[in-house]
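Student: Here you go, one structure.
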Amino acid sequence: MSPRRRRTEEFTSYYGRPILKEPTWEALDIAGYIFAGGLAGASSILAAGAQHTGRPRLERAAKLTAITAISASVAALVHDLGRPERFLNMLRVAKPTSPMSVGSWILSVYGPLAGASAAADVLGIFPRAGKAAGIGAGIAGSAVATYTAVLVSDTAVPTWHDAHAVMPFVFAGSAAASAGGIGAALSPLAEAGPARRMAIGGAAVETAMSFAMERSGRLSAETFHQGRAGTLLRLSKALTVGGAVGIALGGRSSRAVSAVGGLAVAAGSALLRFGIFEAGRASTLDPKYVVVPQRERLAARQEEPAKADTMG
Amino acid sequence: MSVTSLGMPTVGVPRKGFFTDTSLCIGCKACEVACKEWNSVPADSNLELTGESFDNTSALGADTWRHVAFIEKQVPATDPGAHDGVKWLMSSDVCKHCTHAACLDVCPTGALFRTEPGTVVVQQDICNGCGYCVSACPYGVIDQRKDDGRAFKCTMCYDRLEVGEEPACAKACPTKSIQYGELDELRERADARLAELHERGEAGAQLYGRDPENGVGGDGAFFLLLDEPETYGLPPDPIVTTRDLPAMWKRAAGAAAGLLAGAALVFWGGRK
Ligand code: SF4
Ligand code: SF4
């Protein structure tokens, strides 16, 4: 029996069809974009810290990670649009009501700064301008890593919109975890201390915040536990927690442990983005996530007027 | 409030809209066909029989700007409108041309804009196919044409309106189920019609999207329904997503600051 013919007792809908449209975004493009953006942004912060505290190898590793990741993320975005020249239309206007417009402008500030600081570092030219660009990239990087939470939450997709209050913290933690993890994997033990701490701290925040998000008690939070999203998110937690514990126990003495742990944490961060993406998609496919909460809201409002009247 | 009603004209041309009175709809699909013809909307990919009563179009989409729903509802045989325990509900759905239009708010290119008569239209030469509007619309109206990448939906026949004509669907509708006109006047007409139906014992009759205080600030295309909205595939209480946008930006700023502070901490903690 095709799912569209299914009818449930609690509510009616038009042949059980979805009410909302499924996101048109490809998981690999958009979840990948969000992961890479978080990795880049937080890596620039890590690089700025390394540059400030005299850790040249960590600094270089983080700057190269940032520029690689942001290039990949822009490539993913352009690929999602289908035709590269279409990206230019993004820069036609600046619209504060559109997180995608705001994001495009954030990226066009951040990208050149990240590129300039990496280039100056690798080529050994314009050291002072390079350092200034590094600081700028770190600050802009904090916006790159978090605006994507607003990007997905500012939609009618039930799971994403319902999570809008915690999503930025989930994304910030996850960005830190991935940048710390990659930084720990790519730099020598002696310099990698802050990267390891960033990976562990980020993993802790990511895990705590995503637990809060997945257990919000809202109907749409169900989608975090089911199907593909559920599998991805469970795997994400195992990698993130496992990697962080590994780094905490053996990361200081063994480069191999530090590298494997760091990569695991970063992989956990990536899977988290794909899991959130899939959960959102699932919540658009079943009209239950639209109808049931909206019905409840209507019912609550019908009880409200009595109260509102007496309160003036 | 202003962030969610981009470009709504406050003076000058009165706002135009659709009032779809589903109690008059006979399911002839003249509106669907007229819309396709006038706007040169391509055929939906395959001609498929869905088995969903007489409905083979199924939903609004990039290539379906008007959609006639057919509902065969099982009701007690005593119901005044019932025939053999089945009651027919038909309704022609369309883009709501919301006062607070989420699609318009989130469009990063400015391709979606508000016209002089207050409707919401996509400028096809500017749309870059980002798909943001598709996920933002709380009614699931606008969609992407897969082979083209860009987003399409009802324009309320922008070109006809400009020359003082009514939209093709309203013109083609033989029963005046679809009415086009000044929104204020349509609302009065709808109120009178609702009262009439209630008097006749149609207890389920209700106006949908008429109230300017609702979650999208009122629809520029609103409906008289004979049953609950979800029966027709409409969300019972949609809200424009950008209503929460200021709160979201605040949270994101907090998270960004937290990220910077956390990074300061990991370096400060271990300065050699
Ligand atoms: S119904 Fe959807 S597509 Fe139409 S104006 Fe409202 S938000 Fe936009
Ligand atoms: S798909 Fe086109 S109309 Fe929709 S938000 Fe993107 S640019 Fe705007």
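Residue numbers start at 1 in each chain; chains themselves are named A, B, ... in the order of the structure tokens; ligands are numbered from 1 in the order shown.
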Using only C-alpha atoms and all ligand atoms, find each protein or nucleic acid residue lying at most 9 Å from ligand 1; present the set as a PyMOL selection string.
Tutor: chain B and resi 94-105+112+119-121+133-134+136-143+152-154+216+219-221+240
Student: Any residue with an atom at most 6 Å from ligand 2 counts, using only C-alpha atoms and all ligand atoms. Which are they? Put them as a list in words.
Tutor: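 Here is the list of contacting residues: Cys107, Pro108, Thr109, Ala111, Leu112, Val122, Cys127, Asn128, Gly129, Cys130, Gly131, Tyr132, Cys133, Arg150 and Ala151 of chain B.
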Student: Considering only C-alpha atoms, extract the chain A residues located within 7 Å of chain B and return them as a compact mmCIF listing (two decimals) with all heavy atoms, in the first residue's frame.
Tutor:
# COMPACT_ATOMS: atom_id res chain seq x y z
N THR A 12 -7.16 14.10 10.03
CA THR A 12 -7.35 13.84 8.61
C THR A 12 -6.39 14.71 7.83
O THR A 12 -5.92 15.72 8.32
CB THR A 12 -8.77 14.24 8.18
OG1 THR A 12 -9.00 15.57 8.63
CG2 THR A 12 -9.80 13.32 8.75
N SER A 13 -6.08 14.30 6.63
CA SER A 13 -5.36 15.19 5.75
C SER A 13 -5.73 14.72 4.35
O SER A 13 -6.36 13.69 4.20
CB SER A 13 -3.86 15.13 5.98
OG SER A 13 -3.30 14.11 5.22
N TYR A 14 -5.33 15.49 3.36
CA TYR A 14 -5.75 15.18 2.00
C TYR A 14 -5.01 13.93 1.49
O TYR A 14 -3.86 14.02 1.08
CB TYR A 14 -5.50 16.39 1.11
CG TYR A 14 -6.10 16.26 -0.26
CD1 TYR A 14 -7.46 16.05 -0.42
CD2 TYR A 14 -5.31 16.34 -1.39
CE1 TYR A 14 -8.03 15.93 -1.68
CE2 TYR A 14 -5.86 16.23 -2.66
CZ TYR A 14 -7.22 16.01 -2.80
OH TYR A 14 -7.76 15.88 -4.04
N ILE A 19 1.81 18.23 3.61
CA ILE A 19 1.31 19.59 3.43
C ILE A 19 2.45 20.49 2.94
O ILE A 19 2.27 21.31 2.06
CB ILE A 19 0.71 20.11 4.76
CG1 ILE A 19 -0.63 19.39 4.99
CG2 ILE A 19 0.55 21.63 4.74
CD1 ILE A 19 -1.34 19.78 6.26
N LEU A 20 3.62 20.27 3.53
CA LEU A 20 4.78 21.09 3.14
C LEU A 20 5.50 20.46 1.97
O LEU A 20 5.34 19.28 1.68
CB LEU A 20 5.74 21.19 4.33
CG LEU A 20 5.15 21.85 5.57
CD1 LEU A 20 6.10 21.70 6.74
CD2 LEU A 20 4.88 23.33 5.30
N LYS A 21 6.33 21.25 1.32
CA LYS A 21 7.21 20.71 0.29
C LYS A 21 8.50 20.24 0.95
O LYS A 21 9.02 20.89 1.86
CB LYS A 21 7.54 21.78 -0.75
CG LYS A 21 6.33 22.18 -1.62
CD LYS A 21 6.10 21.20 -2.75
CE LYS A 21 4.95 21.62 -3.65
NZ LYS A 21 3.62 21.21 -3.17
N GLU A 22 9.01 19.14 0.44
CA GLU A 22 10.29 18.62 0.91
C GLU A 22 11.39 19.62 0.53
O GLU A 22 11.30 20.22 -0.55
CB GLU A 22 10.51 17.29 0.18
CG GLU A 22 11.61 16.45 0.69
CD GLU A 22 11.78 15.18 -0.17
OE1 GLU A 22 10.89 14.88 -1.00
OE2 GLU A 22 12.79 14.54 -0.01
N PRO A 23 12.42 19.80 1.37
CA PRO A 23 13.50 20.70 0.96
C PRO A 23 14.05 20.28 -0.39
O PRO A 23 14.18 19.09 -0.67
CB PRO A 23 14.55 20.52 2.05
CG PRO A 23 13.82 20.00 3.24
CD PRO A 23 12.65 19.23 2.71
N THR A 24 14.36 21.25 -1.22
CA THR A 24 14.89 20.92 -2.55
C THR A 24 16.39 20.67 -2.49
O THR A 24 17.00 20.31 -3.47
CB THR A 24 14.66 22.09 -3.53
OG1 THR A 24 15.36 23.24 -3.01
CG2 THR A 24 13.20 22.43 -3.66
N TRP A 25 16.96 20.90 -1.31
CA TRP A 25 18.42 20.81 -1.18
C TRP A 25 18.89 19.37 -1.16
O TRP A 25 18.27 18.50 -0.57
CB TRP A 25 18.86 21.53 0.10
CG TRP A 25 18.47 22.96 0.13
CD1 TRP A 25 18.37 23.80 -0.96
CD2 TRP A 25 18.09 23.73 1.27
NE1 TRP A 25 17.98 25.05 -0.55
CE2 TRP A 25 17.80 25.04 0.81
CE3 TRP A 25 17.99 23.47 2.63
CZ2 TRP A 25 17.40 26.07 1.66
CZ3 TRP A 25 17.61 24.48 3.48
CH2 TRP A 25 17.31 25.77 3.00
N ILE A 45 39.23 30.64 14.05
CA ILE A 45 39.36 31.09 15.44
C ILE A 45 40.57 30.42 16.09
O ILE A 45 41.38 31.06 16.77
CB ILE A 45 38.08 30.78 16.23
CG1 ILE A 45 36.87 31.46 15.57
CG2 ILE A 45 38.22 31.20 17.68
CD1 ILE A 45 35.53 31.11 16.20
N LEU A 46 40.69 29.12 15.83
CA LEU A 46 41.83 28.37 16.36
C LEU A 46 43.14 28.95 15.84
O LEU A 46 44.11 29.12 16.58
CB LEU A 46 41.68 26.89 15.95
CG LEU A 46 42.65 25.88 16.54
CD1 LEU A 46 42.52 25.82 18.07
CD2 LEU A 46 42.40 24.48 15.96
N GLY A 49 44.08 32.16 17.56
CA GLY A 49 44.65 31.89 18.88
C GLY A 49 46.08 31.40 18.76
O GLY A 49 46.97 31.81 19.52
N LEU A 81 23.09 25.23 -6.61
CA LEU A 81 22.34 26.16 -7.46
C LEU A 81 22.29 25.66 -8.90
O LEU A 81 21.49 26.13 -9.70
CB LEU A 81 22.99 27.55 -7.45
CG LEU A 81 23.01 28.25 -6.10
CD1 LEU A 81 23.68 29.61 -6.25
CD2 LEU A 81 21.62 28.41 -5.54
N ARG A 86 24.69 31.71 -11.29
CA ARG A 86 23.53 32.05 -10.48
C ARG A 86 23.92 32.55 -9.09
O ARG A 86 23.15 33.24 -8.44
CB ARG A 86 22.61 30.84 -10.34
CG ARG A 86 21.78 30.60 -11.59
CD ARG A 86 20.78 29.51 -11.35
NE ARG A 86 19.95 29.31 -12.54
CZ ARG A 86 19.20 28.24 -12.75
NH1 ARG A 86 19.18 27.27 -11.86
NH2 ARG A 86 18.46 28.14 -13.83
N PHE A 87 25.13 32.14 -8.63
CA PHE A 87 25.54 32.59 -7.30
C PHE A 87 25.58 34.11 -7.24
O PHE A 87 25.27 34.71 -6.22
CB PHE A 87 26.91 32.00 -6.92
CG PHE A 87 27.33 32.42 -5.53
CD1 PHE A 87 26.76 31.82 -4.42
CD2 PHE A 87 28.25 33.43 -5.35
CE1 PHE A 87 27.12 32.21 -3.14
CE2 PHE A 87 28.62 33.83 -4.06
CZ PHE A 87 28.05 33.21 -2.96
N ASN A 89 23.66 36.24 -8.32
CA ASN A 89 22.38 36.86 -7.98
C ASN A 89 22.22 37.07 -6.47
O ASN A 89 21.47 37.93 -6.03
CB ASN A 89 21.22 36.01 -8.49
CG ASN A 89 21.10 36.06 -10.00
OD1 ASN A 89 21.95 36.65 -10.66
ND2 ASN A 89 20.06 35.46 -10.54
N MET A 90 22.95 36.25 -5.70
CA MET A 90 22.91 36.39 -4.24
C MET A 90 23.40 37.77 -3.81
O MET A 90 23.03 38.27 -2.77
CB MET A 90 23.84 35.37 -3.58
CG MET A 90 23.41 33.96 -3.78
SD MET A 90 22.27 33.50 -2.50
CE MET A 90 22.24 31.73 -2.75
N ARG A 92 23.06 40.56 -5.33
CA ARG A 92 22.27 41.65 -5.92
C ARG A 92 21.72 42.56 -4.84
O ARG A 92 21.59 43.76 -5.01
CB ARG A 92 21.07 41.05 -6.65
CG ARG A 92 21.07 41.12 -8.14
CD ARG A 92 19.73 40.62 -8.65
NE ARG A 92 18.82 41.70 -8.95
CZ ARG A 92 17.67 41.92 -8.33
NH1 ARG A 92 17.28 41.15 -7.34
NH2 ARG A 92 16.90 42.92 -8.69
N VAL A 93 21.30 41.95 -3.74
CA VAL A 93 20.65 42.71 -2.67
C VAL A 93 21.24 42.28 -1.33
O VAL A 93 21.89 41.25 -1.24
CB VAL A 93 19.12 42.43 -2.63
CG1 VAL A 93 18.41 43.04 -3.81
CG2 VAL A 93 18.84 40.95 -2.55
N LYS A 95 19.58 41.54 2.25
CA LYS A 95 18.27 41.47 2.88
C LYS A 95 18.36 40.88 4.27
O LYS A 95 18.58 39.68 4.42
CB LYS A 95 17.35 40.57 2.02
CG LYS A 95 16.44 41.34 1.09
CD LYS A 95 15.68 40.39 0.19
CE LYS A 95 14.48 39.77 0.88
NZ LYS A 95 13.69 38.94 -0.07
N THR A 97 16.12 40.06 6.23
CA THR A 97 15.11 39.05 6.52
C THR A 97 15.48 37.70 5.92
O THR A 97 14.81 36.72 6.15
CB THR A 97 13.73 39.43 5.95
OG1 THR A 97 13.83 39.53 4.53
CG2 THR A 97 13.23 40.74 6.52
N SER A 98 16.54 37.66 5.11
CA SER A 98 16.94 36.40 4.49
C SER A 98 18.29 35.94 5.03
O SER A 98 19.33 36.49 4.67
CB SER A 98 17.05 36.58 2.98
OG SER A 98 17.65 35.42 2.43
N PRO A 99 18.29 34.92 5.89
CA PRO A 99 19.58 34.43 6.41
C PRO A 99 20.52 34.01 5.30
O PRO A 99 21.74 34.07 5.46
CB PRO A 99 19.17 33.23 7.27
CG PRO A 99 17.77 33.52 7.68
CD PRO A 99 17.14 34.24 6.53
N MET A 100 19.99 33.60 4.15
CA MET A 100 20.88 33.20 3.07
C MET A 100 21.57 34.41 2.46
O MET A 100 22.73 34.35 2.08
CB MET A 100 20.10 32.45 1.99
CG MET A 100 21.01 31.64 1.09
SD MET A 100 20.13 30.69 -0.15
CE MET A 100 19.57 29.26 0.75
N SER A 101 20.85 35.53 2.41
CA SER A 101 21.46 36.76 1.93
C SER A 101 22.53 37.24 2.91
O SER A 101 23.66 37.55 2.52
CB SER A 101 20.37 37.82 1.75
OG SER A 101 20.93 39.09 1.54
N SER A 142 33.38 33.21 13.52
CA SER A 142 32.37 32.88 14.52
C SER A 142 30.97 33.06 13.94
O SER A 142 30.04 32.34 14.30
CB SER A 142 32.55 33.73 15.78
OG SER A 142 32.19 35.08 15.53
N ALA A 143 30.83 34.00 13.00
CA ALA A 143 29.53 34.18 12.35
C ALA A 143 29.29 33.09 11.31
O ALA A 143 28.18 32.57 11.19
CB ALA A 143 29.48 35.56 11.69
N THR A 146 27.95 29.94 12.90
CA THR A 146 26.66 29.92 13.60
C THR A 146 25.47 30.40 12.76
O THR A 146 24.34 30.03 13.04
CB THR A 146 26.71 30.80 14.87
OG1 THR A 146 27.26 32.07 14.52
CG2 THR A 146 27.56 30.14 15.94
N TYR A 147 25.71 31.20 11.73
CA TYR A 147 24.57 31.73 10.98
C TYR A 147 23.77 30.62 10.31
O TYR A 147 22.57 30.75 10.07
CB TYR A 147 25.02 32.78 9.95
CG TYR A 147 25.20 32.26 8.55
CD1 TYR A 147 24.12 32.18 7.68
CD2 TYR A 147 26.44 31.81 8.10
CE1 TYR A 147 24.28 31.66 6.40
CE2 TYR A 147 26.61 31.30 6.84
CZ TYR A 147 25.53 31.22 5.99
OH TYR A 147 25.67 30.70 4.74
N VAL A 150 20.59 29.64 11.85
CA VAL A 150 19.45 30.49 11.52
C VAL A 150 18.95 30.16 10.12
O VAL A 150 17.75 30.12 9.86
CB VAL A 150 19.83 31.99 11.62
CG1 VAL A 150 18.62 32.86 11.37
CG2 VAL A 150 20.45 32.29 12.98
N ASP A 154 15.03 29.09 9.99
CA ASP A 154 14.08 30.07 9.46
C ASP A 154 13.33 29.49 8.27
O ASP A 154 13.32 30.04 7.17
CB ASP A 154 14.83 31.35 9.05
CG ASP A 154 13.85 32.48 8.70
OD1 ASP A 154 12.71 32.43 9.17
OD2 ASP A 154 14.24 33.39 7.93
N THR A 155 12.71 28.36 8.51
CA THR A 155 11.93 27.68 7.47
C THR A 155 10.67 27.13 8.14
O THR A 155 10.56 27.15 9.36
CB THR A 155 12.70 26.48 6.89
OG1 THR A 155 13.03 25.59 7.96
CG2 THR A 155 13.95 26.90 6.16
N ALA A 156 9.77 26.63 7.32
CA ALA A 156 8.56 26.01 7.86
C ALA A 156 8.80 24.53 8.17
O ALA A 156 7.88 23.85 8.61
CB ALA A 156 7.41 26.16 6.86
N VAL A 157 10.00 24.03 7.94
CA VAL A 157 10.32 22.63 8.23
C VAL A 157 10.18 22.39 9.73
O VAL A 157 10.92 22.99 10.51
CB VAL A 157 11.76 22.30 7.75
CG1 VAL A 157 12.14 20.89 8.13
CG2 VAL A 157 11.88 22.54 6.25
N HIS A 164 14.78 26.05 16.85
CA HIS A 164 15.54 27.26 16.55
C HIS A 164 16.27 27.87 17.74
O HIS A 164 17.28 28.51 17.57
CB HIS A 164 14.67 28.30 15.82
CG HIS A 164 13.60 28.94 16.66
ND1 HIS A 164 13.87 29.96 17.52
CD2 HIS A 164 12.28 28.69 16.75
CE1 HIS A 164 12.74 30.34 18.11
NE2 HIS A 164 11.76 29.58 17.67
N ALA A 165 15.79 27.62 18.95
CA ALA A 165 16.44 28.23 20.11
C ALA A 165 17.77 27.56 20.46
O ALA A 165 18.71 28.23 20.89
CB ALA A 165 15.50 28.21 21.32
N PRO A 168 21.69 27.15 17.23
CA PRO A 168 22.97 27.86 17.11
C PRO A 168 24.03 27.31 18.08
O PRO A 168 25.21 27.27 17.74
CB PRO A 168 22.63 29.30 17.50
CG PRO A 168 21.16 29.44 17.27
CD PRO A 168 20.58 28.08 17.53
N PHE A 169 23.59 26.84 19.24
CA PHE A 169 24.56 26.31 20.21
C PHE A 169 25.02 24.92 19.80
O PHE A 169 26.19 24.56 20.00
CB PHE A 169 23.96 26.33 21.61
CG PHE A 169 23.59 27.73 22.04
CD1 PHE A 169 22.29 28.19 21.92
CD2 PHE A 169 24.57 28.61 22.47
CE1 PHE A 169 21.95 29.50 22.25
CE2 PHE A 169 24.25 29.92 22.81
CZ PHE A 169 22.94 30.37 22.70
N ALA A 172 27.51 25.73 17.06
CA ALA A 172 28.76 26.31 17.56
C ALA A 172 29.62 25.22 18.21
O ALA A 172 30.83 25.13 17.95
CB ALA A 172 28.46 27.43 18.56
N PRO A 194 45.82 23.39 22.67
CA PRO A 194 44.55 24.11 22.55
C PRO A 194 43.58 23.43 21.60
O PRO A 194 42.37 23.43 21.85
CB PRO A 194 44.98 25.48 21.99
CG PRO A 194 46.42 25.61 22.33
CD PRO A 194 46.98 24.23 22.33
N ARG A 197 41.98 20.64 23.48
CA ARG A 197 40.97 21.15 24.43
C ARG A 197 39.74 21.65 23.69
O ARG A 197 38.61 21.51 24.16
CB ARG A 197 41.58 22.24 25.31
CG ARG A 197 42.52 21.70 26.36
CD ARG A 197 42.91 22.76 27.38
NE ARG A 197 43.78 23.79 26.80
CZ ARG A 197 45.11 23.65 26.68
NH1 ARG A 197 45.70 22.54 27.08
NH2 ARG A 197 45.83 24.62 26.15
N MET A 198 39.97 22.25 22.53
CA MET A 198 38.83 22.74 21.75
C MET A 198 37.98 21.56 21.27
O MET A 198 36.74 21.61 21.27
CB MET A 198 39.32 23.56 20.55
CG MET A 198 38.20 24.33 19.85
SD MET A 198 38.82 25.19 18.39
CE MET A 198 38.37 26.86 18.73
N VAL A 290 2.76 18.79 10.93
CA VAL A 290 2.18 20.12 10.68
C VAL A 290 0.84 20.23 11.38
O VAL A 290 0.58 21.18 12.13
CB VAL A 290 1.98 20.34 9.16
CG1 VAL A 290 1.26 21.65 8.90
CG2 VAL A 290 3.33 20.32 8.44
N VAL A 291 0.00 19.22 11.18
CA VAL A 291 -1.39 19.33 11.63
C VAL A 291 -1.50 19.24 13.15
O VAL A 291 -2.15 20.09 13.78
CB VAL A 291 -2.26 18.24 10.96
CG1 VAL A 291 -3.67 18.29 11.53
CG2 VAL A 291 -2.28 18.45 9.45
N GLN A 294 -0.29 22.30 15.21
CA GLN A 294 -1.09 23.49 14.89
C GLN A 294 -2.50 23.37 15.47
O GLN A 294 -3.07 24.35 15.94
CB GLN A 294 -1.12 23.72 13.38
CG GLN A 294 0.25 24.10 12.82
CD GLN A 294 0.20 24.59 11.38
OE1 GLN A 294 -0.86 24.83 10.82
NE2 GLN A 294 1.37 24.74 10.78
N ARG A 295 -3.04 22.17 15.44
CA ARG A 295 -4.34 21.92 16.08
C ARG A 295 -4.26 22.22 17.58
O ARG A 295 -5.14 22.85 18.15
CB ARG A 295 -4.74 20.45 15.90
CG ARG A 295 -5.50 20.18 14.65
CD ARG A 295 -6.99 20.46 14.83
NE ARG A 295 -7.53 20.90 13.57
CZ ARG A 295 -8.30 21.97 13.41
NH1 ARG A 295 -8.63 22.72 14.43
NH2 ARG A 295 -8.73 22.32 12.23
N LEU A 298 -4.18 25.89 18.17
CA LEU A 298 -5.52 26.48 18.00
C LEU A 298 -6.38 26.21 19.22
O LEU A 298 -7.07 27.11 19.72
CB LEU A 298 -6.19 25.88 16.77
CG LEU A 298 -5.93 26.54 15.43
CD1 LEU A 298 -6.62 25.76 14.32
CD2 LEU A 298 -6.43 27.98 15.43
Student: Would you mind telling me which residue in B:Val75, B:Val41, B:Ser177, B:Asn46 lies nearest to Lys29 in chain B when using only C-alpha atoms?
Tutor: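 Smallest distance to Lys29 in chain B is found for B:Ser177.
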Student: What separation in Å, quoted to one decimal, exists between CA of Glu188 in chain B and CA of Glu165 in chain B?
Tutor: 21.8 Å
Student: Which of range 57-243 of chain B counts as helix (DSSP H, G or I) under DSSP, as an NGL selection string please?
Tutor: :B and (102-106 or 132-136 or 158-162 or 168-172 or 183-199 or 229-232 or 241-243)
Student: Taking only C-alpha atoms into account, which of B:Val68, B:Pro117, B:Gly204, B:Ala172 comes nearest Asn56 in chain B?
Tutor: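 Of B:Val68, B:Pro117, B:Gly204, B:Ala172, the one nearest Asn56 in chain B, counting only C-alpha atoms, is B:Val68.
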Student: Identify, on the basis of only C-alpha atoms, every residue whose closest approach to Asp44 in chain B does not exceed 8 Å; exclude the query and any residue fewer than 6 positions from it along the same chain; express the result as JSON, numbers by chain.
Tutor: {"B": [57, 63, 64]}
Student: Any chance you can output those residues with N, CA, C and O atoms as a short mmCIF file (atom, residue, chain, number, x, y, z; two decimals), in the first residue's frame?
Tutor:
data_model
loop_
_atom_site.label_atom_id
_atom_site.label_comp_id
_atom_site.auth_asym_id
_atom_site.auth_seq_id
_atom_site.Cartn_x
_atom_site.Cartn_y
_atom_site.Cartn_z
N THR B 57 -3.87 15.41 -10.20
CA THR B 57 -2.84 16.44 -10.09
C THR B 57 -2.18 16.38 -8.72
O THR B 57 -1.00 16.65 -8.57
N ASP B 63 4.51 23.29 -11.47
CA ASP B 63 3.75 23.24 -12.71
C ASP B 63 2.25 23.16 -12.49
O ASP B 63 1.50 22.87 -13.41
N THR B 64 1.82 23.37 -11.26
CA THR B 64 0.38 23.40 -10.96
C THR B 64 0.13 24.58 -10.04
O THR B 64 0.46 24.53 -8.86
#
Student: Identify, with DSSP run on backbone atoms, the residues in range 132-243 of chain B assigned to strand (DSSP E), and express the list as a VMD selection string.
Tutor: chain B and resid 143 to 144 151 to 152 178 to 182 206 to 208 221 to 225
Student: So which residues touch range 50-67 of chain A within 6 Å, counting only C-alpha atoms, skipping near sequence neighbours fewer than 3 positions away, as a list of chain:residue names?
Tutor: A:Ala40, A:Ser43, A:Ser44, A:Ala47, A:Ile70, A:Ala114, A:Gly115, A:Ala118, A:Gly183, A:Ser187, A:Glu191
Student: Create the file for the chosen residues now, containing C-alpha atoms and written as a CSV table (one decimal), in the first residue's frame.
Tutor:
chain,number,residue,atom,x,y,z
A,40,ALA,CA,36.3,26.7,8.5
A,43,SER,CA,39.5,26.7,12.4
A,44,SER,CA,40.0,30.4,11.8
A,47,ALA,CA,44.4,29.8,13.9
A,70,ILE,CA,35.5,27.2,3.0
A,114,ALA,CA,40.8,33.5,5.4
A,115,GLY,CA,42.4,33.3,2.0
A,118,ALA,CA,46.6,31.5,4.8
A,183,GLY,CA,43.7,20.8,14.3
A,187,SER,CA,49.7,19.6,14.3
A,191,GLU,CA,51.5,22.7,19.9
